[in-house]
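J.: Sharing query.pdb here; it has PDB, C-alpha atoms.
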```
ATOM      1  CA  MET A   1      -8.101  29.926 -22.962
ATOM      2  CA  ASP A   2      -8.686  32.349 -20.096
ATOM      3  CA  LEU A   3     -12.188  31.789 -18.710
ATOM      4  CA  ASP A   4     -12.543  35.364 -17.409
ATOM      5  CA  THR A   5     -11.989  36.602 -20.935
ATOM      6  CA  VAL A   6     -14.527  34.113 -22.308
ATOM      7  CA  ARG A   7     -16.999  35.167 -19.612
ATOM      8  CA  THR A   8     -16.477  38.809 -20.628
ATOM      9  CA  PHE A   9     -17.125  37.964 -24.270
ATOM     10  CA  VAL A  10     -20.379  36.144 -23.404
ATOM     11  CA  ALA A  11     -21.568  39.007 -21.199
ATOM     12  CA  ALA A  12     -20.861  41.544 -23.958
ATOM     13  CA  ALA A  13     -22.550  39.390 -26.582
ATOM     14  CA  GLU A  14     -25.658  38.974 -24.459
ATOM     15  CA  ALA A  15     -25.811  42.629 -23.385
ATOM     16  CA  GLY A  16     -24.935  44.098 -26.777
ATOM     17  CA  GLN A  17     -22.954  46.828 -25.016
ATOM     18  CA  PHE A  18     -19.518  46.833 -23.402
ATOM     19  CA  GLN A  19     -20.706  49.279 -20.757
ATOM     20  CA  GLU A  20     -23.547  47.024 -19.604
ATOM     21  CA  ALA A  21     -21.251  43.989 -19.647
ATOM     22  CA  ALA A  22     -18.799  45.915 -17.454
ATOM     23  CA  ALA A  23     -21.557  46.657 -14.962
ATOM     24  CA  GLN A  24     -22.603  42.990 -14.831
ATOM     25  CA  LEU A  25     -19.032  41.838 -14.276
ATOM     26  CA  ALA A  26     -18.186  44.638 -11.813
ATOM     27  CA  ILE A  27     -15.193  45.785 -13.882
ATOM     28  CA  THR A  28     -14.497  48.900 -15.953
ATOM     29  CA  GLN A  29     -15.546  49.325 -19.564
ATOM     30  CA  GLN A  30     -11.870  49.742 -20.386
ATOM     31  CA  ALA A  31     -11.182  46.308 -18.893
ATOM     32  CA  VAL A  32     -13.957  44.797 -21.037
ATOM     33  CA  SER A  33     -12.476  46.363 -24.178
ATOM     34  CA  LYS A  34      -8.998  45.163 -23.241
ATOM     35  CA  ARG A  35     -10.165  41.575 -22.658
ATOM     36  CA  ILE A  36     -12.128  41.473 -25.917
ATOM     37  CA  ALA A  37      -9.179  42.884 -27.835
ATOM     38  CA  GLY A  38      -6.877  40.266 -26.338
ATOM     39  CA  LEU A  39      -9.312  37.478 -27.240
ATOM     40  CA  GLU A  40      -9.609  38.756 -30.812
ATOM     41  CA  ARG A  41      -5.836  38.868 -31.034
ATOM     42  CA  ASP A  42      -5.519  35.284 -29.804
ATOM     43  CA  LEU A  43      -8.190  34.033 -32.193
ATOM     44  CA  GLY A  44      -7.032  36.139 -35.124
ATOM     45  CA  VAL A  45     -10.546  37.394 -35.939
ATOM     46  CA  ARG A  46     -12.860  40.294 -35.132
ATOM     47  CA  LEU A  47     -15.638  39.284 -32.759
ATOM     48  CA  PHE A  48     -17.566  42.570 -32.468
ATOM     49  CA  THR A  49     -18.459  45.474 -34.707
ATOM     50  CA  ARG A  50     -19.035  48.843 -33.047
ATOM     51  CA  THR A  51     -22.406  50.421 -33.922
ATOM     52  CA  PRO A  52     -24.358  53.460 -32.670
ATOM     53  CA  ARG A  53     -26.434  51.052 -30.580
ATOM     54  CA  GLY A  54     -23.430  49.355 -28.984
ATOM     55  CA  ALA A  55     -21.553  46.252 -30.119
ATOM     56  CA  GLU A  56     -22.811  43.588 -32.515
ATOM     57  CA  LEU A  57     -21.316  40.176 -33.103
ATOM     58  CA  THR A  58     -19.514  39.609 -36.375
ATOM     59  CA  ILE A  59     -20.008  36.372 -38.286
ATOM     60  CA  ASP A  60     -16.952  35.000 -36.478
ATOM     61  CA  GLY A  61     -18.341  36.224 -33.168
ATOM     62  CA  GLN A  62     -21.642  34.464 -33.852
ATOM     63  CA  ALA A  63     -19.755  31.241 -34.630
ATOM     64  CA  PHE A  64     -17.706  31.506 -31.432
ATOM     65  CA  TRP A  65     -20.620  32.452 -29.110
ATOM     66  CA  PRO A  66     -22.230  28.978 -28.541
ATOM     67  CA  HIS A  67     -18.828  27.427 -27.936
ATOM     68  CA  ALA A  68     -17.953  30.163 -25.441
ATOM     69  CA  ARG A  69     -21.161  29.525 -23.505
ATOM     70  CA  GLU A  70     -20.440  25.786 -23.493
ATOM     71  CA  LEU A  71     -16.936  26.476 -22.152
ATOM     72  CA  LEU A  72     -18.476  28.319 -19.206
ATOM     73  CA  ARG A  73     -20.998  25.533 -18.583
ATOM     74  CA  VAL A  74     -18.242  22.927 -18.603
ATOM     75  CA  ALA A  75     -16.229  25.032 -16.152
ATOM     76  CA  GLU A  76     -19.221  25.296 -13.831
ATOM     77  CA  ARG A  77     -19.755  21.530 -13.947
ATOM     78  CA  ALA A  78     -16.070  20.930 -13.256
ATOM     79  CA  VAL A  79     -16.197  23.124 -10.148
ATOM     80  CA  ALA A  80     -19.467  21.575  -8.969
ATOM     81  CA  SER A  81     -17.988  18.074  -9.275
ATOM     82  CA  VAL A  82     -15.485  18.802  -6.517
ATOM     83  CA  ARG A  83     -17.156  21.528  -4.480
ATOM     84  CA  THR A  84     -18.353  20.151  -1.142
ATOM     85  CA  GLY A  85     -22.078  20.503  -0.781
ATOM     86  CA  ARG A  86     -22.710  20.610  -4.525
ATOM     87  CA  ARG A  87     -21.022  17.469  -5.772
ATOM     88  CA  ALA A  88     -22.438  13.998  -5.285
ATOM     89  CA  LEU A  89     -21.671  12.029  -2.124
ATOM     90  CA  ARG A  90     -19.222   9.271  -3.120
ATOM     91  CA  VAL A  91     -19.568   6.021  -1.162
ATOM     92  CA  ASP A  92     -17.769   2.659  -1.479
ATOM     93  CA  VAL A  93     -20.070  -0.366  -1.055
ATOM     94  CA  ILE A  94     -17.568  -3.204  -1.795
ATOM     95  CA  ALA A  95     -20.008  -5.112  -4.057
ATOM     96  CA  SER A  96     -23.249  -4.283  -5.829
ATOM     97  CA  ARG A  97     -25.242  -7.047  -4.109
ATOM     98  CA  ALA A  98     -23.684  -6.821  -0.661
ATOM     99  CA  ALA A  99     -25.356  -5.553   2.518
ATOM    100  CA  SER A 100     -23.676  -2.170   2.181
ATOM    101  CA  SER A 101     -25.318  -1.700  -1.210
ATOM    102  CA  VAL A 102     -28.682  -2.564   0.351
ATOM    103  CA  LEU A 103     -28.058   0.080   3.018
ATOM    104  CA  MET A 104     -27.271   2.707   0.390
ATOM    105  CA  ARG A 105     -30.375   1.839  -1.618
ATOM    106  CA  GLY A 106     -32.401   2.392   1.543
ATOM    107  CA  PHE A 107     -30.666   5.716   2.083
ATOM    108  CA  HIS A 108     -31.413   6.778  -1.494
ATOM    109  CA  ARG A 109     -35.105   5.943  -1.070
ATOM    110  CA  ALA A 110     -35.240   7.942   2.159
ATOM    111  CA  HIS A 111     -33.233  10.879   0.785
ATOM    112  CA  PRO A 112     -33.725  11.113  -2.991
ATOM    113  CA  GLU A 113     -32.565  14.725  -2.859
ATOM    114  CA  VAL A 114     -28.983  13.605  -2.133
ATOM    115  CA  ASP A 115     -26.908  12.985  -5.259
ATOM    116  CA  LEU A 116     -24.919   9.768  -4.935
ATOM    117  CA  ASP A 117     -21.915   8.246  -6.668
ATOM    118  CA  VAL A 118     -21.499   4.595  -5.658
ATOM    119  CA  VAL A 119     -18.124   2.905  -6.211
ATOM    120  CA  MET A 120     -16.742  -0.543  -5.419
ATOM    121  CA  LEU A 121     -13.174  -0.794  -4.131
ATOM    122  CA  PHE A 122     -11.385  -4.031  -3.342
ATOM    123  CA  SER A 123      -9.864  -3.799   0.126
ATOM    124  CA  ILE A 124      -9.909  -1.669   3.234
ATOM    125  CA  ASP A 125      -6.440  -0.367   2.306
ATOM    126  CA  ALA A 126      -7.771   0.909  -1.012
ATOM    127  CA  ALA A 127     -10.834   2.372   0.709
ATOM    128  CA  VAL A 128      -8.823   4.201   3.361
ATOM    129  CA  ALA A 129      -6.431   5.586   0.740
ATOM    130  CA  ALA A 130      -9.394   6.823  -1.313
ATOM    131  CA  ILE A 131     -10.981   8.457   1.743
ATOM    132  CA  ARG A 132      -7.748  10.218   2.673
ATOM    133  CA  SER A 133      -7.169  11.451  -0.891
ATOM    134  CA  GLY A 134     -10.732  12.734  -1.196
ATOM    135  CA  GLU A 135     -11.588  10.289  -3.985
ATOM    136  CA  ILE A 136     -14.523   9.004  -1.900
ATOM    137  CA  ASP A 137     -16.385  10.333   1.127
ATOM    138  CA  ALA A 138     -17.180   7.095   2.956
ATOM    139  CA  SER A 139     -16.796   3.323   2.834
ATOM    140  CA  PHE A 140     -18.417   0.287   4.447
ATOM    141  CA  ARG A 141     -15.806  -2.042   5.956
ATOM    142  CA  ALA A 142     -15.109  -4.398   8.843
ATOM    143  CA  VAL A 143     -12.855  -2.435  11.187
ATOM    144  CA  GLY A 144     -10.291  -3.589  13.706
ATOM    145  CA  ALA A 145      -8.672  -6.602  12.057
ATOM    146  CA  PRO A 146      -5.260  -7.394  13.616
ATOM    147  CA  GLY A 147      -2.446  -5.489  11.956
ATOM    148  CA  ARG A 148      -4.861  -3.107  10.238
ATOM    149  CA  PRO A 149      -5.336  -0.103  12.514
ATOM    150  CA  LEU A 150      -7.110   2.886  11.016
ATOM    151  CA  PRO A 151      -5.133   6.114  10.574
ATOM    152  CA  GLU A 152      -5.917   8.743  13.194
ATOM    153  CA  ASP A 153      -7.682  10.970  10.671
ATOM    154  CA  ILE A 154     -10.221   8.253   9.755
ATOM    155  CA  GLU A 155     -13.406   8.001  11.834
ATOM    156  CA  SER A 156     -15.609   4.924  11.912
ATOM    157  CA  VAL A 157     -18.763   3.605  13.519
ATOM    158  CA  ARG A 158     -20.256   0.127  13.388
ATOM    159  CA  VAL A 159     -23.589   0.317  11.608
ATOM    160  CA  LEU A 160     -24.716  -3.254  10.906
ATOM    161  CA  ASP A 161     -24.138  -6.760  12.205
ATOM    162  CA  GLU A 162     -25.095  -9.018   9.304
ATOM    163  CA  PRO A 163     -25.946 -12.641  10.210
ATOM    164  CA  LEU A 164     -24.313 -15.351   8.124
ATOM    165  CA  GLN A 165     -26.410 -18.005   6.422
ATOM    166  CA  LEU A 166     -25.370 -21.331   4.952
ATOM    167  CA  LEU A 167     -26.074 -21.729   1.239
ATOM    168  CA  THR A 168     -26.387 -25.312  -0.032
ATOM    169  CA  GLY A 169     -27.540 -27.178  -3.092
ATOM    170  CA  PRO A 170     -30.651 -29.394  -2.982
ATOM    171  CA  ARG A 171     -28.673 -32.611  -2.452
ATOM    172  CA  HIS A 172     -26.494 -31.360   0.405
ATOM    173  CA  ALA A 173     -26.797 -33.261   3.690
ATOM    174  CA  LEU A 174     -28.124 -30.125   5.428
ATOM    175  CA  ALA A 175     -30.435 -28.969   2.633
ATOM    176  CA  GLY A 176     -33.579 -30.028   4.474
ATOM    177  CA  VAL A 177     -32.951 -28.404   7.865
ATOM    178  CA  ARG A 178     -34.639 -25.147   8.921
ATOM    179  CA  SER A 179     -31.525 -23.944  10.786
ATOM    180  CA  VAL A 180     -28.093 -25.266  11.601
ATOM    181  CA  SER A 181     -25.869 -24.676  14.623
ATOM    182  CA  VAL A 182     -22.241 -23.735  14.218
ATOM    183  CA  ALA A 183     -21.258 -26.999  15.888
ATOM    184  CA  GLU A 184     -23.193 -28.978  13.268
ATOM    185  CA  LEU A 185     -21.124 -27.363  10.524
ATOM    186  CA  ALA A 186     -17.944 -29.029  11.757
ATOM    187  CA  GLY A 187     -16.784 -31.543   9.176
ATOM    188  CA  HIS A 188     -18.707 -29.960   6.308
ATOM    189  CA  ARG A 189     -16.746 -28.326   3.474
ATOM    190  CA  ILE A 190     -17.527 -24.642   3.125
ATOM    191  CA  TRP A 191     -16.193 -23.307  -0.153
ATOM    192  CA  MET A 192     -15.449 -19.575  -0.413
ATOM    193  CA  PRO A 193     -13.104 -18.834  -3.334
ATOM    194  CA  GLY A 194     -13.597 -15.092  -2.842
ATOM    195  CA  ILE A 195     -11.504 -15.015   0.348
ATOM    196  CA  VAL A 196      -8.272 -13.166  -0.384
ATOM    197  CA  PRO A 197      -5.430 -13.362   2.171
ATOM    198  CA  GLY A 198      -4.676 -10.047   3.829
ATOM    199  CA  THR A 199      -8.176  -8.618   3.481
ATOM    200  CA  GLU A 200     -10.467  -7.755   6.359
ATOM    201  CA  TRP A 201     -12.934 -10.476   5.406
ATOM    202  CA  ALA A 202     -10.101 -13.052   5.370
ATOM    203  CA  ALA A 203      -9.273 -12.026   8.951
ATOM    204  CA  TYR A 204     -12.937 -12.495   9.897
ATOM    205  CA  TYR A 205     -13.159 -16.027   8.488
ATOM    206  CA  ASP A 206      -9.763 -16.975   9.945
ATOM    207  CA  ASP A 207     -11.148 -16.159  13.393
ATOM    208  CA  LEU A 208     -14.385 -18.011  12.654
ATOM    209  CA  VAL A 209     -12.433 -21.131  11.716
ATOM    210  CA  ALA A 210     -10.204 -20.867  14.786
ATOM    211  CA  GLU A 211     -13.165 -20.355  17.134
ATOM    212  CA  PHE A 212     -15.408 -23.176  15.923
ATOM    213  CA  GLY A 213     -13.134 -25.622  14.098
ATOM    214  CA  LEU A 214     -14.812 -25.175  10.733
ATOM    215  CA  THR A 215     -13.408 -26.176   7.355
ATOM    216  CA  ILE A 216     -13.386 -23.253   4.942
ATOM    217  CA  GLU A 217     -11.756 -23.792   1.557
ATOM    218  CA  ALA A 218     -10.683 -20.860  -0.592
ATOM    219  CA  THR A 219      -9.127 -22.986  -3.326
ATOM    220  CA  GLY A 220      -9.539 -22.314  -7.018
ATOM    221  CA  PRO A 221     -10.027 -19.092  -8.943
ATOM    222  CA  ASN A 222     -12.901 -16.780  -8.118
ATOM    223  CA  PHE A 223     -15.061 -16.649 -11.248
ATOM    224  CA  GLY A 224     -17.757 -14.602  -9.526
ATOM    225  CA  SER A 225     -21.056 -15.313  -7.842
ATOM    226  CA  ASP A 226     -22.689 -17.055 -10.820
ATOM    227  CA  ALA A 227     -19.950 -19.690 -11.027
ATOM    228  CA  LEU A 228     -20.030 -20.111  -7.237
ATOM    229  CA  LEU A 229     -23.788 -20.697  -7.249
ATOM    230  CA  ASP A 230     -23.545 -23.157 -10.160
ATOM    231  CA  THR A 231     -20.908 -25.190  -8.292
ATOM    232  CA  ILE A 232     -22.808 -25.205  -5.003
ATOM    233  CA  ALA A 233     -25.981 -26.335  -6.790
ATOM    234  CA  ASP A 234     -24.183 -29.219  -8.541
ATOM    235  CA  THR A 235     -21.873 -30.392  -5.741
ATOM    236  CA  PRO A 236     -23.560 -32.062  -2.728
ATOM    237  CA  ALA A 237     -20.341 -31.976  -0.685
ATOM    238  CA  LEU A 238     -19.951 -28.192  -0.841
ATOM    239  CA  ALA A 239     -21.736 -25.300   0.855
ATOM    240  CA  THR A 240     -20.860 -21.644   1.240
ATOM    241  CA  PHE A 241     -21.550 -18.735   3.568
ATOM    242  CA  MET A 242     -23.679 -15.802   2.515
ATOM    243  CA  GLY A 243     -24.717 -12.675   4.380
ATOM    244  CA  GLU A 244     -28.396 -12.492   5.284
ATOM    245  CA  ASP A 245     -28.740  -9.146   3.464
ATOM    246  CA  THR A 246     -26.796 -10.209   0.360
ATOM    247  CA  ARG A 247     -29.051 -10.179  -2.686
ATOM    248  CA  LEU A 248     -28.256 -12.866  -5.255
ATOM    249  CA  VAL A 249     -30.461 -14.380  -7.969
ATOM    250  CA  TRP A 250     -30.062 -17.890  -9.319
ATOM    251  CA  PRO A 251     -32.016 -20.123 -11.735
ATOM    252  CA  ALA A 252     -35.042 -21.868 -10.243
ATOM    253  CA  GLY A 253     -33.601 -25.209 -11.239
ATOM    254  CA  HIS A 254     -30.653 -24.789  -8.903
ATOM    255  CA  GLY A 255     -32.842 -25.464  -5.873
ATOM    256  CA  LEU A 256     -30.454 -23.624  -3.550
ATOM    257  CA  ARG A 257     -31.240 -23.351   0.168
ATOM    258  CA  ARG A 258     -30.439 -20.428   2.488
ATOM    259  CA  ILE A 259     -30.187 -21.791   6.016
ATOM    260  CA  PRO A 260     -29.855 -19.619   9.158
ATOM    261  CA  VAL A 261     -26.831 -20.410  11.326
ATOM    262  CA  THR A 262     -27.442 -20.446  15.098
ATOM    263  CA  ASP A 263     -25.960 -21.195  18.540
ATOM    264  CA  PRO A 264     -24.334 -18.687  18.134
ATOM    265  CA  THR A 265     -25.134 -16.798  14.949
ATOM    266  CA  PRO A 266     -21.931 -15.488  13.322
ATOM    267  CA  VAL A 267     -22.432 -11.873  12.283
ATOM    268  CA  TYR A 268     -20.254  -9.794   9.998
ATOM    269  CA  PRO A 269     -19.608  -6.336  11.493
ATOM    270  CA  HIS A 270     -20.053  -3.577   8.897
ATOM    271  CA  SER A 271     -18.723  -0.137   9.842
ATOM    272  CA  LEU A 272     -18.930   3.189   8.049
ATOM    273  CA  LEU A 273     -15.582   4.949   7.546
ATOM    274  CA  TRP A 274     -15.033   8.621   6.693
ATOM    275  CA  HIS A 275     -12.377  11.325   7.011
ATOM    276  CA  ARG A 276     -12.523  13.348  10.191
ATOM    277  CA  ASP A 277     -12.338  16.660   8.300
ATOM    278  CA  ASN A 278     -14.826  15.812   5.535
ATOM    279  CA  PRO A 279     -17.413  18.643   5.535
ATOM    280  CA  HIS A 280     -19.799  17.229   2.925
ATOM    281  CA  PRO A 281     -23.282  17.939   4.353
ATOM    282  CA  ALA A 282     -24.743  14.738   2.893
ATOM    283  CA  LEU A 283     -22.234  12.699   4.913
ATOM    284  CA  ALA A 284     -23.907  13.846   8.126
ATOM    285  CA  VAL A 285     -27.292  12.955   6.617
ATOM    286  CA  LEU A 286     -26.022   9.452   5.801
ATOM    287  CA  ARG A 287     -24.617   8.914   9.277
ATOM    288  CA  SER A 288     -27.853  10.071  10.885
ATOM    289  CA  HIS A 289     -29.881   7.806   8.607
ATOM    290  CA  LEU A 290     -27.768   4.757   9.463
ATOM    291  CA  ALA A 291     -27.916   5.528  13.182
ATOM    292  CA  THR A 292     -31.717   5.500  13.153
ATOM    293  CA  THR A 293     -32.408   2.677  10.689
ATOM    294  CA  THR A 294     -29.856  -0.032  11.542
ATOM    295  CA  GLY A 295     -29.698  -2.046  14.733
ATOM    296  CA  GLY A 296     -29.193  -5.505  16.164
ATOM    297  CA  HIS A 297     -25.710  -4.863  17.506
ATOM    298  CA  ASP A 298     -24.135  -6.949  20.264
ATOM    299  CA  MET A 299     -27.250  -9.098  20.564
ATOM    300  CA  ALA A 300     -27.237 -12.225  22.700
ATOM    301  CA  GLY A 301     -26.629 -15.414  20.773
ATOM    302  CA  THR A 302     -24.364 -13.848  18.165
ATOM    303  CA  TRP A 303     -20.627 -14.064  17.533
ATOM    304  CA  ARG A 304     -18.149 -11.646  16.005
ATOM    305  CA  PRO A 305     -14.347 -11.440  16.287
ATOM    306  CA  ASP A 306     -12.907  -9.844  19.407
ATOM    307  CA  TRP A 307     -11.333  -7.172  17.219
ATOM    308  CA  ALA A 308     -14.643  -5.995  15.746
ATOM    309  CA  GLU A 309     -15.206  -2.318  16.399
ATOM    310  CA  PRO A 310     -17.445  -1.756  19.452
ATOM    311  CA  ARG A 311     -20.848  -0.234  18.857
TER
END
```
Go through the file and emit its structure as structure tokens.

T.:
Amino acid sequence: MDLDTVRTFVAAAEAGQFQEAAAQLAITQQAVSKRIAGLERDLGVRLFTRTPRGAELTIDGQAFWPHARELLRVAERAVASVRTGRRALRVDVIASRAASSVLMRGFHRAHPEVDLDVVMLFSIDAAVAAIRSGEIDASFRAVGAPGRPLPEDIESVRVLDEPLQLLTGPRHALAGVRSVSVAELAGHRIWMPGIVPGTEWAAYYDDLVAEFGLTIEATGPNFGSDALLDTIADTPALATFMGEDTRLVWPAGHGLRRIPVTDPTPVYPHSLLWHRDNPHPALAVLRSHLATTTGGHDMAGTWRPDWAEPR
């Protein structure tokens, strides 16, 4: 159904006169009559009755009127959903409890006027493809992993270095310490079933293992964070890594311990990615917010892979 014709019908119905509808639409009265006639022909009914006062809706016209207005509202929403500056800013945060999600919650509190759509994509390849296609406006990722250069049309900036912590159950050998050095982790089994070969976080942990001689096991299926926490709580021989800003909740009976890792502190480098030609005004607001509210980059006593994007 032609929306210009529907818009003409609604204008005529609201005005009660073809001449006034023509003036509102900046077209001729003849054009209004022609559009209405074509619509009546398509529908097979009369929509208006001519009267001395103008044009009145027939019973069929009255039945069609609310649907016509809804058609125009739907069209407006469809346009707004993709029109830069009016649609929501779409951002990939990897996981709902990850540091990137915490950053976006802080942004939303600081800028509640910005409409947000938050999505969770799996890998940097999926994120970059979504940025280039316009499916999303930005993504939080670790940038620079070997063999994974960014396309030239993708911009990025490192926004957060997130310290790693060791998560243990109450009976683990390190459960009672206030902090643990990287060297002291040698020989301990660190279980991380969420590591998927070929991803940027797999490249990060591969370098961590190579640098400090750690034992990281990614065996077994990944049943999610709840199953991971249950296993860590019940298995004294296992521990896992968790980002300092990651927000997870577990039963009080688990007795889990979050232990800072030091000498040096491994940090995970989060960067914001976006398309160079993306004009969404809220994207600039997000970048400015992150530039002024995040810090702690390249601090002494920390470690990150050599390939991590420079600040």

J.: Need the shell around segment 266-279 of chain A: protein/DNA/RNA residues with any atom at most 9 Å away, counting all atoms listed in the file. Skip same-chain ones fewer than 3 positions apart. Format as a tab-separated table (two decimals) with C-alpha atoms, in the coordinates of the input?

T.:
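Saved result, result_7.tsv, follows:
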```tsv
chain	number	residue	atom	x	y	z
A	84	THR	CA	-18.35	20.15	-1.14
A	85	GLY	CA	-22.08	20.50	-0.78
A	99	ALA	CA	-25.36	-5.55	2.52
A	100	SER	CA	-23.68	-2.17	2.18
A	127	ALA	CA	-10.83	2.37	0.71
A	128	VAL	CA	-8.82	4.20	3.36
A	131	ILE	CA	-10.98	8.46	1.74
A	132	ARG	CA	-7.75	10.22	2.67
A	134	GLY	CA	-10.73	12.73	-1.20
A	136	ILE	CA	-14.52	9.00	-1.90
A	137	ASP	CA	-16.39	10.33	1.13
A	138	ALA	CA	-17.18	7.10	2.96
A	139	SER	CA	-16.80	3.32	2.83
A	140	PHE	CA	-18.42	0.29	4.45
A	141	ARG	CA	-15.81	-2.04	5.96
A	142	ALA	CA	-15.11	-4.40	8.84
A	143	VAL	CA	-12.86	-2.44	11.19
A	152	GLU	CA	-5.92	8.74	13.19
A	153	ASP	CA	-7.68	10.97	10.67
A	154	ILE	CA	-10.22	8.25	9.76
A	155	GLU	CA	-13.41	8.00	11.83
A	156	SER	CA	-15.61	4.92	11.91
A	157	VAL	CA	-18.76	3.60	13.52
A	158	ARG	CA	-20.26	0.13	13.39
A	159	VAL	CA	-23.59	0.32	11.61
A	160	LEU	CA	-24.72	-3.25	10.91
A	161	ASP	CA	-24.14	-6.76	12.20
A	162	GLU	CA	-25.10	-9.02	9.30
A	163	PRO	CA	-25.95	-12.64	10.21
A	164	LEU	CA	-24.31	-15.35	8.12
A	165	GLN	CA	-26.41	-18.00	6.42
A	182	VAL	CA	-22.24	-23.74	14.22
A	201	TRP	CA	-12.93	-10.48	5.41
A	204	TYR	CA	-12.94	-12.50	9.90
A	208	LEU	CA	-14.38	-18.01	12.65
A	243	GLY	CA	-24.72	-12.68	4.38
A	261	VAL	CA	-26.83	-20.41	11.33
A	262	THR	CA	-27.44	-20.45	15.10
A	263	ASP	CA	-25.96	-21.20	18.54
A	282	ALA	CA	-24.74	14.74	2.89
A	283	LEU	CA	-22.23	12.70	4.91
A	284	ALA	CA	-23.91	13.85	8.13
A	287	ARG	CA	-24.62	8.91	9.28
A	297	HIS	CA	-25.71	-4.86	17.51
A	301	GLY	CA	-26.63	-15.41	20.77
A	302	THR	CA	-24.36	-13.85	18.16
A	303	TRP	CA	-20.63	-14.06	17.53
A	304	ARG	CA	-18.15	-11.65	16.00
A	305	PRO	CA	-14.35	-11.44	16.29
A	308	ALA	CA	-14.64	-6.00	15.75
A	309	GLU	CA	-15.21	-2.32	16.40
```

J.: Step by step, work through what the PyMOL selection byres ((chain A and resi 253) around 12) selects in the shown file, and finish by giving those residues as a ChimeraX atom specification.

T.: /A:169-170,229-230,233-234,249-252,254-257

J.: Using the chain letters and numbers from the file, which residues does the PyMOL selection byres ((chain A and resi 35) around 12) grab, as a PyMOL selection string?

T.: chain A and resi 1-12+18+21-22+27-34+36-42+47

J.: What does the file look like for those residues with C-alpha atoms, as a JSON list (two decimals), in the frame of the given file?

T.:
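The new file out_0.json reads:
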```
[["chain", "number", "residue", "atom", "x", "y", "z"],
["A", 1, "MET", "CA", -8.10, 29.93, -22.96],
["A", 2, "ASP", "CA", -8.69, 32.35, -20.10],
["A", 3, "LEU", "CA", -12.19, 31.79, -18.71],
["A", 4, "ASP", "CA", -12.54, 35.36, -17.41],
["A", 5, "THR", "CA", -11.99, 36.60, -20.94],
["A", 6, "VAL", "CA", -14.53, 34.11, -22.31],
["A", 7, "ARG", "CA", -17.00, 35.17, -19.61],
["A", 8, "THR", "CA", -16.48, 38.81, -20.63],
["A", 9, "PHE", "CA", -17.12, 37.96, -24.27],
["A", 10, "VAL", "CA", -20.38, 36.14, -23.40],
["A", 11, "ALA", "CA", -21.57, 39.01, -21.20],
["A", 12, "ALA", "CA", -20.86, 41.54, -23.96],
["A", 18, "PHE", "CA", -19.52, 46.83, -23.40],
["A", 21, "ALA", "CA", -21.25, 43.99, -19.65],
["A", 22, "ALA", "CA", -18.80, 45.92, -17.45],
["A", 27, "ILE", "CA", -15.19, 45.78, -13.88],
["A", 28, "THR", "CA", -14.50, 48.90, -15.95],
["A", 29, "GLN", "CA", -15.55, 49.32, -19.56],
["A", 30, "GLN", "CA", -11.87, 49.74, -20.39],
["A", 31, "ALA", "CA", -11.18, 46.31, -18.89],
["A", 32, "VAL", "CA", -13.96, 44.80, -21.04],
["A", 33, "SER", "CA", -12.48, 46.36, -24.18],
["A", 34, "LYS", "CA", -9.00, 45.16, -23.24],
["A", 36, "ILE", "CA", -12.13, 41.47, -25.92],
["A", 37, "ALA", "CA", -9.18, 42.88, -27.84],
["A", 38, "GLY", "CA", -6.88, 40.27, -26.34],
["A", 39, "LEU", "CA", -9.31, 37.48, -27.24],
["A", 40, "GLU", "CA", -9.61, 38.76, -30.81],
["A", 41, "ARG", "CA", -5.84, 38.87, -31.03],
["A", 42, "ASP", "CA", -5.52, 35.28, -29.80],
["A", 47, "LEU", "CA", -15.64, 39.28, -32.76]]
```

J.: Between atom CA of Leu166 of chain A and atom CA of Pro260 of chain A, what is the distance in Å, rounded to a tenth?

T.: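 These two atoms are separated by 6.4 Å.
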
J.: Which of these, A:His280, A:Phe48, A:Thr265, A:Asp306, has the shortest distance to Leu116 of chain A once you count only C-alpha atoms?

T.: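 Among the listed residues, the smallest separation from Leu116 of chain A belongs to A:His280.
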
J.: With distances taken over only C-alpha atoms, which of A:His67, A:Arg53, A:Arg90, A:Arg258 is nearest to Gly176 of chain A?

T.: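 Selected residue with least distance to Gly176 of chain A: A:Arg258.
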
J.: Determine the nearest neighbour of Pro236 of chain A from the options A:Ala15, A:Leu248, A:Leu174, A:Ala202, counting all atoms listed in the file.

T.: A:Leu174

J.: Under the rule that all atoms listed in the file are counted, which of A:Met120, A:Ala300, A:Ala239, A:Val180 is the nearest residue to Ile259 of chain A?

T.: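 Comparing A:Met120, A:Ala300, A:Ala239, A:Val180 against Ile259 of chain A, the winner is A:Val180.
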
J.: Could you please determine the separation between atom CA of Ala237 of chain A and atom CA of Asp206 of chain A in Å, to one decimal place?

T.: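 Between atom CA of Ala237 of chain A and atom CA of Asp206 of chain A the gap works out to 21.2 Å.
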